[in-house]
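Engineer: Have a look at this one before I ask anything.
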2 protein chains.
Amino acid sequence: MTPAPAIGEVGEYSWHNAKQRLRAAGVRPTRQRVTLVWLLFRNGPRHVTAELLHEEAAKARVPISLATVYNTLHKFTAAGLLREVAVDGRQRYFDTNTSEHHHFLIEDLNGLLDAPTSDLLAVRLPTPPDGYETVRVDVVFRLRRKREAASRIGVELGGN
Amino acid sequence: MTPAPAIGEVGEYSWHNAKQRLRAAGVRPTRQRVTLVWLLFRNGPRHVTAELLHEEAAKARVPISLATVYNTLHKFTAAGLLREVAVDGRQRYFDTNTSEHHHFLIEDLNGLLDAPTSDLLAVRLPTPPDGYETVRVDVVFRLRRKREAASRIGVELGGN
DNA sequence: TTAGATGCAAATGGTTTGCATGCGT
DNA sequence: ACGCATGCAAACCATTTGCATCTAA
């Protein structure tokens, strides 16, 4: 649990940073929201579900009701702090990486991983139907374990 | 409601065709299943939700319980007759087109459309993490209405 | 005859909502 | 003080499940 420096940030991520990020986004920094921002951004990019964040807040000694976690996640998304990723019919993920990028979906673990953009993938936009425009492209690579379990993945998902 | 010839099929789609398709797939052709196959394949490729199919069956005077519709849809998918498409967090779609292709998702109508494969889109596979293999790639183009409503779309969705 | 299919209702699970109370400005 | 934020429980909605009853082979 070494606090690795967040990508795009330098050094540790403080309570104060969290507050500033909220103000900058025009969101009122309440105790719960600051907590969530802190949990979300202190350790670099990650994907969370509402359920997971709810548990983490509890562990961090700042219990937040599940309903508030949902409300907050949506508010953050509207404010541009998060990106919603709807890849499977079950649950929704929220991604702290708001830039255009794509995902691996691990089927058995039901976890998300960023697809490396280094492996540049080219998607040519098909022409949308009349009167409509493409506002977003989501590419999901569904992964399945080859034969023996790859232990590394479990670890990566835990933090991502 | 002109019965357009199905793509890949010639002429009208009969009850008998439906039964054959089921037998060929190794699925026991019960009355309900034949009805569903008929509803699904008589008019070319389409996307359905369980709810929608359930209503159609009722209208077709062959009421089928919603639970059975779900069971059947899954059985069909396992038998390779359908392809499940999970693109948004709400509901699941089943696609009669089982080949590799991608989709337009109309945000406001919450409807699916096949993305024309003619506009050949190239997706370079990023290397999956150790021990995993990519089993499927889904590309979803989220569409939003430009300004004035495009009436044609509503029609297309009705049949697709 | 019998394994498998169906229907119903109840359970599930993620997400949303209504409303009374609390808190940031 | 004011208005938005929070918490709780109940509502919601798509989907699944358990079980008794049918039905295709």
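By convention in this document, the chains of the structure tokens carry letters A, B, ... by their order, each chain's residues are numbered from 1, and ligands are numbered from 1 in the order they are shown.
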Which residues, written as a list in words, have at least one atom at most 9 Å from Glu107 in chain A, with only C-alpha atoms (C1' of nucleotides) counted and residues fewer than 6 positions away on the same chain left out?

Structural biologist: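 Counting only C-alpha atoms (C1' of nucleotides), the residues come to Arg142, Leu143, Arg144 and Arg145 of chain A.
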
Engineer: List every residue of chain C that has an atom at most 10 Å from any atom of chain B, and for each one report the closest atom pair and its distance in Å to one decimal, counting only C-alpha atoms (C1' of nucleotides), with rows sorted by chain and then by increasing residue number, as a Markdown table.

Structural biologist:
| residue | atom | partner | partner_atom | distance |
| --- | --- | --- | --- | --- |
| C:DG4 | C1' | B:Arg28 | CA | 9.1 |
| C:DA5 | C1' | B:Thr30 | CA | 7.8 |
| C:DT6 | C1' | B:Thr68 | CA | 6.7 |
| C:DG7 | C1' | B:Ser65 | CA | 6.2 |
| C:DC8 | C1' | B:Ser65 | CA | 8.4 |
| C:DG14 | C1' | B:Gly89 | CA | 9.7 |
| C:DT15 | C1' | B:Arg90 | CA | 9.6 |

Engineer: What does the file look like for those residues with C-alpha atoms (C1' of nucleotides), as an mmCIF file, in the first residue's frame?

Structural biologist:
data_model
loop_
_atom_site.group_PDB
_atom_site.id
_atom_site.type_symbol
_atom_site.label_atom_id
_atom_site.label_comp_id
_atom_site.auth_asym_id
_atom_site.auth_seq_id
_atom_site.Cartn_x
_atom_site.Cartn_y
_atom_site.Cartn_z
ATOM 1 C "C1'" DG C 4 -36.925 -31.319 -20.256
ATOM 2 C "C1'" DA C 5 -39.923 -26.927 -20.902
ATOM 3 C "C1'" DT C 6 -43.214 -23.728 -19.066
ATOM 4 C "C1'" DG C 7 -45.668 -20.487 -15.936
ATOM 5 C "C1'" DC C 8 -46.188 -18.225 -11.923
ATOM 6 C "C1'" DG C 14 -28.102 -2.757 -8.755
ATOM 7 C "C1'" DT C 15 -29.867 1.746 -8.919
#

Engineer: Taking only C-alpha atoms (C1' of nucleotides) into account, which residues of chain D are within 9 Å of chain A, as a list in words?

Structural biologist: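 Matching residues, ligands excluded from the count: DC4, DA5, DT6, DG7 and DC8 of chain D.
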
Engineer: For range 9-16 of chain D, work out the shell of residues within 8 Å, counting only C-alpha atoms (C1' of nucleotides) and skipping chain neighbours fewer than 6 positions away, then give it as a list in words.

Structural biologist: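 Final neighbour list, sorted by chain and number: Arg90 and Gln91 of chain B; DT12, DT16 and DT17 of chain C.
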
Engineer: Using only C-alpha atoms (C1' of nucleotides), which of C:DG18, C:DA3, C:DA11, C:DT25 sits nearest DA1 in chain D?

Structural biologist: C:DT25

Engineer: Restrict the distance test to only C-alpha atoms, flag each residue of chain A within 6 Å of chain B, and return the flagged residues as a compact mmCIF listing (two decimals) with N, CA, C and O atoms, in the first residue's frame.

Structural biologist:
# COMPACT_ATOMS: atom_id res chain seq x y z
N ALA A 86 -20.36 2.11 -19.31
CA ALA A 86 -21.40 1.09 -19.25
C ALA A 86 -21.06 -0.01 -20.24
O ALA A 86 -21.34 0.10 -21.41
N VAL A 87 -20.41 -1.04 -19.76
CA VAL A 87 -19.95 -2.08 -20.66
C VAL A 87 -20.69 -3.39 -20.51
O VAL A 87 -20.70 -4.20 -21.41
N ASP A 88 -21.29 -3.59 -19.37
CA ASP A 88 -22.01 -4.85 -19.23
C ASP A 88 -23.33 -4.60 -18.55
O ASP A 88 -23.54 -3.58 -17.91
N GLY A 89 -24.23 -5.53 -18.73
CA GLY A 89 -25.60 -5.31 -18.28
C GLY A 89 -25.78 -5.26 -16.78
O GLY A 89 -26.85 -4.90 -16.31
N ASP A 119 -0.82 0.72 -27.92
CA ASP A 119 -1.17 -0.14 -29.03
C ASP A 119 -2.26 0.54 -29.86
O ASP A 119 -3.33 0.01 -30.06
N LEU A 121 -5.10 2.04 -31.50
CA LEU A 121 -6.12 1.34 -32.27
C LEU A 121 -6.94 2.34 -33.07
O LEU A 121 -7.38 3.36 -32.56
N ALA A 122 -7.06 2.05 -34.33
CA ALA A 122 -7.73 2.98 -35.22
C ALA A 122 -9.17 2.57 -35.45
O ALA A 122 -9.44 1.45 -35.85
N VAL A 123 -10.07 3.43 -35.15
CA VAL A 123 -11.47 3.17 -35.39
C VAL A 123 -11.98 4.21 -36.38
O VAL A 123 -12.01 5.40 -36.07
N ARG A 124 -12.34 3.75 -37.56
CA ARG A 124 -12.88 4.69 -38.52
C ARG A 124 -14.37 4.85 -38.25
O ARG A 124 -15.10 3.88 -38.19
N PRO A 126 -18.07 5.07 -38.78
CA PRO A 126 -19.06 4.88 -39.84
C PRO A 126 -20.00 6.09 -39.82
O PRO A 126 -20.15 6.74 -38.80
N GLY A 131 -29.36 12.99 -39.27
CA GLY A 131 -29.87 13.76 -38.14
C GLY A 131 -29.20 13.42 -36.83
O GLY A 131 -29.47 14.02 -35.80
N TYR A 132 -28.29 12.43 -36.87
CA TYR A 132 -27.61 12.05 -35.65
C TYR A 132 -26.11 12.24 -35.79
O TYR A 132 -25.57 12.22 -36.89
N GLU A 133 -25.46 12.43 -34.66
CA GLU A 133 -24.01 12.56 -34.68
C GLU A 133 -23.40 11.65 -33.62
O GLU A 133 -23.99 11.41 -32.58
N THR A 134 -22.21 11.17 -33.89
CA THR A 134 -21.52 10.29 -32.95
C THR A 134 -20.89 11.13 -31.86
O THR A 134 -20.08 12.00 -32.13
N VAL A 135 -21.28 10.88 -30.63
CA VAL A 135 -20.74 11.68 -29.53
C VAL A 135 -19.68 10.93 -28.74
O VAL A 135 -18.98 11.52 -27.93
N ARG A 136 -19.59 9.64 -28.99
CA ARG A 136 -18.63 8.87 -28.20
C ARG A 136 -18.48 7.47 -28.78
O ARG A 136 -19.43 6.89 -29.29
N VAL A 137 -17.28 6.97 -28.71
CA VAL A 137 -17.02 5.61 -29.19
C VAL A 137 -16.45 4.79 -28.05
O VAL A 137 -15.49 5.20 -27.41
N ASP A 138 -17.08 3.69 -27.77
CA ASP A 138 -16.57 2.81 -26.72
C ASP A 138 -16.14 1.49 -27.33
O ASP A 138 -16.90 0.87 -28.06
N VAL A 139 -14.92 1.11 -27.02
CA VAL A 139 -14.43 -0.18 -27.50
C VAL A 139 -14.13 -1.04 -26.28
O VAL A 139 -13.41 -0.61 -25.37
N VAL A 140 -14.71 -2.21 -26.26
CA VAL A 140 -14.48 -3.12 -25.14
C VAL A 140 -13.93 -4.44 -25.63
O VAL A 140 -14.52 -5.08 -26.50
N PHE A 141 -12.79 -4.81 -25.07
CA PHE A 141 -12.18 -6.10 -25.40
C PHE A 141 -12.51 -7.07 -24.28
O PHE A 141 -12.09 -6.87 -23.15
N ARG A 142 -13.32 -8.05 -24.60
CA ARG A 142 -13.68 -9.03 -23.59
C ARG A 142 -12.58 -10.06 -23.46
O ARG A 142 -12.21 -10.70 -24.45
N LEU A 143 -12.07 -10.23 -22.27
CA LEU A 143 -10.96 -11.16 -22.06
C LEU A 143 -11.42 -12.39 -21.30
O LEU A 143 -12.32 -12.32 -20.47
N ARG A 144 -10.76 -13.50 -21.62
CA ARG A 144 -11.02 -14.73 -20.89
C ARG A 144 -9.69 -15.34 -20.53
O ARG A 144 -8.74 -15.28 -21.29
N ARG A 145 -9.66 -15.93 -19.38
CA ARG A 145 -8.44 -16.58 -18.90
C ARG A 145 -8.06 -17.73 -19.83
O ARG A 145 -8.91 -18.51 -20.25
N LYS A 146 -6.80 -17.80 -20.19
CA LYS A 146 -6.37 -18.82 -21.14
C LYS A 146 -6.43 -20.23 -20.58
O LYS A 146 -7.19 -21.05 -21.02
N ALA A 150 -4.08 -16.24 -14.04
CA ALA A 150 -2.98 -15.28 -14.00
C ALA A 150 -3.14 -14.44 -12.74
O ALA A 150 -4.02 -13.61 -12.66

Engineer: Give me every strand (DSSP E or B) residue in range 38-159 of chain B, going by DSSP on the backbone, as an MDAnalysis selection string.

Structural biologist: chainID B and resid 47:48 83:85 93:95 103:106 111:114 132:145

Engineer: Applying 12 Å and only C-alpha atoms (C1' of nucleotides), which residues near Phe76 in chain B remain after dropping the ones on its own chain fewer than 5 positions away? List them as a short mmCIF file (atom, residue, chain, number, x, y, z; two decimals) with N, CA and C atoms, in the first residue's frame.

Structural biologist:
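The resulting file, out30.cif, is shown below:
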data_model
loop_
_atom_site.label_atom_id
_atom_site.label_comp_id
_atom_site.auth_asym_id
_atom_site.auth_seq_id
_atom_site.Cartn_x
_atom_site.Cartn_y
_atom_site.Cartn_z
N ARG B 21 -35.01 -24.50 -38.08
CA ARG B 21 -33.88 -23.78 -37.54
C ARG B 21 -33.57 -24.25 -36.13
N LEU B 22 -34.63 -24.50 -35.38
CA LEU B 22 -34.45 -24.98 -34.01
C LEU B 22 -33.82 -26.38 -33.99
N ARG B 23 -34.35 -27.26 -34.79
CA ARG B 23 -33.79 -28.61 -34.83
C ARG B 23 -32.33 -28.58 -35.23
N ALA B 24 -32.04 -27.78 -36.24
CA ALA B 24 -30.66 -27.67 -36.72
C ALA B 24 -29.72 -27.22 -35.60
N ALA B 25 -30.27 -26.40 -34.70
CA ALA B 25 -29.45 -25.87 -33.61
C ALA B 25 -29.46 -26.80 -32.41
N GLY B 26 -30.19 -27.91 -32.53
CA GLY B 26 -30.24 -28.86 -31.44
C GLY B 26 -31.09 -28.40 -30.28
N VAL B 27 -32.09 -27.58 -30.58
CA VAL B 27 -32.99 -27.09 -29.54
C VAL B 27 -34.38 -27.64 -29.79
N ARG B 28 -34.97 -28.19 -28.78
CA ARG B 28 -36.27 -28.81 -28.94
C ARG B 28 -37.35 -27.78 -29.32
N PRO B 29 -38.01 -27.99 -30.43
CA PRO B 29 -38.97 -26.99 -30.93
C PRO B 29 -40.31 -27.07 -30.24
N ARG B 33 -41.07 -21.73 -28.35
CA ARG B 33 -39.79 -21.46 -29.01
C ARG B 33 -39.97 -21.21 -30.49
N VAL B 34 -40.84 -21.98 -31.11
CA VAL B 34 -41.08 -21.78 -32.53
C VAL B 34 -41.65 -20.38 -32.74
N LEU B 36 -41.15 -17.73 -30.93
CA LEU B 36 -40.11 -16.73 -30.75
C LEU B 36 -39.15 -16.69 -31.93
N VAL B 37 -38.78 -17.85 -32.43
CA VAL B 37 -37.89 -17.88 -33.60
C VAL B 37 -38.59 -17.20 -34.76
N LEU B 40 -38.51 -13.56 -34.33
CA LEU B 40 -37.16 -13.02 -34.42
C LEU B 40 -36.63 -12.97 -35.84
N THR B 68 -40.02 -17.31 -19.31
CA THR B 68 -39.72 -18.23 -20.41
C THR B 68 -39.03 -17.50 -21.54
N VAL B 69 -39.43 -16.27 -21.79
CA VAL B 69 -38.76 -15.48 -22.83
C VAL B 69 -37.28 -15.34 -22.47
N TYR B 70 -37.01 -15.03 -21.24
CA TYR B 70 -35.62 -14.90 -20.81
C TYR B 70 -34.89 -16.23 -20.96
N ASN B 71 -35.47 -17.29 -20.45
CA ASN B 71 -34.82 -18.59 -20.56
C ASN B 71 -34.53 -18.93 -22.01
N LEU B 81 -27.89 -19.13 -31.98
CA LEU B 81 -28.91 -18.51 -32.82
C LEU B 81 -28.92 -16.99 -32.63
N LEU B 82 -28.51 -16.57 -31.45
CA LEU B 82 -28.51 -15.14 -31.15
C LEU B 82 -27.15 -14.73 -30.60
N ARG B 83 -26.98 -13.42 -30.53
CA ARG B 83 -25.78 -12.86 -29.95
C ARG B 83 -26.22 -11.84 -28.91
N GLU B 84 -25.69 -11.96 -27.74
CA GLU B 84 -26.08 -11.03 -26.69
C GLU B 84 -25.25 -9.76 -26.82
N PHE B 94 -30.63 -8.65 -27.60
CA PHE B 94 -30.25 -9.87 -28.30
C PHE B 94 -30.34 -9.56 -29.78
N ASP B 95 -29.29 -9.97 -30.49
CA ASP B 95 -29.14 -9.61 -31.88
C ASP B 95 -29.24 -10.86 -32.74
N THR B 96 -30.10 -10.81 -33.75
CA THR B 96 -30.23 -11.99 -34.62
C THR B 96 -29.05 -12.10 -35.58
N THR B 98 -25.49 -12.80 -35.78
CA THR B 98 -24.49 -13.36 -34.87
C THR B 98 -23.06 -13.15 -35.34
#

Engineer: As a ChimeraX atom specification, please: every residue in range 16-62 of chain B that DSSP puts in alpha helix (DSSP H).

Structural biologist: /B:16-24,31-41,50-59

Engineer: Find, counting only C-alpha atoms, the residue in B:Trp38, B:Arg31, B:Gly80, B:Glu51 that gets nearest to Trp15 in chain B.

Structural biologist: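 Counting only C-alpha atoms, the residue closest to Trp15 in chain B is B:Trp38.
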
Engineer: So which residues touch DT1 in chain C within 12 Å, counting only C-alpha atoms (C1' of nucleotides), skipping near sequence neighbours fewer than 6 positions away, as a PyMOL selection string?

Structural biologist: chain D and resi 23-25

Engineer: Give me a file of those residues, with N, CA, C and O atoms (P, O5', C5', C4', C3', O3' and C1' of nucleotides), as a PDB file, in the first residue's frame.

Structural biologist:
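Written output follows (part.pdb):
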ATOM      1  P    DT D  23     -49.827 -28.860 -22.211  1.00  0.00           P
ATOM      2  O5'  DT D  23     -48.606 -29.115 -23.170  1.00  0.00           O
ATOM      3  C5'  DT D  23     -47.297 -28.629 -22.815  1.00  0.00           C
ATOM      4  C4'  DT D  23     -46.264 -29.407 -23.595  1.00  0.00           C
ATOM      5  C3'  DT D  23     -46.829 -30.365 -24.639  1.00  0.00           C
ATOM      6  O3'  DT D  23     -45.847 -30.471 -25.659  1.00  0.00           O
ATOM      7  C1'  DT D  23     -45.573 -31.576 -23.142  1.00  0.00           C
ATOM      8  P    DA D  24     -46.237 -30.243 -27.192  1.00  0.00           P
ATOM      9  O5'  DA D  24     -44.882 -30.608 -27.945  1.00  0.00           O
ATOM     10  C5'  DA D  24     -43.672 -29.937 -27.580  1.00  0.00           C
ATOM     11  C4'  DA D  24     -42.497 -30.895 -27.646  1.00  0.00           C
ATOM     12  C3'  DA D  24     -42.448 -31.758 -28.899  1.00  0.00           C
ATOM     13  O3'  DA D  24     -41.087 -31.853 -29.308  1.00  0.00           O
ATOM     14  C1'  DA D  24     -42.576 -33.157 -26.978  1.00  0.00           C
ATOM     15  P    DA D  25     -40.678 -32.679 -30.603  1.00  0.00           P
ATOM     16  O5'  DA D  25     -40.248 -34.080 -29.995  1.00  0.00           O
ATOM     17  C5'  DA D  25     -39.006 -34.161 -29.310  1.00  0.00           C
ATOM     18  C4'  DA D  25     -38.794 -35.596 -28.861  1.00  0.00           C
ATOM     19  C3'  DA D  25     -38.916 -36.601 -30.006  1.00  0.00           C
ATOM     20  O3'  DA D  25     -37.750 -37.391 -30.099  1.00  0.00           O
ATOM     21  C1'  DA D  25     -40.277 -37.245 -28.164  1.00  0.00           C
TER      22       DA D  25
END

Engineer: Provide the CA of Tyr13 in chain B to CA of Leu112 in chain B distance in Å, to one decimal place.

Structural biologist: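 About the pair CA of Tyr13 in chain B and CA of Leu112 in chain B: they are 23.3 Å apart.
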
Engineer: Take CA of His47 in chain B and CA of His16 in chain B and report the distance between them in Å, one decimal.

Structural biologist: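 Separation of CA of His47 in chain B and CA of His16 in chain B: 22.5 Å.
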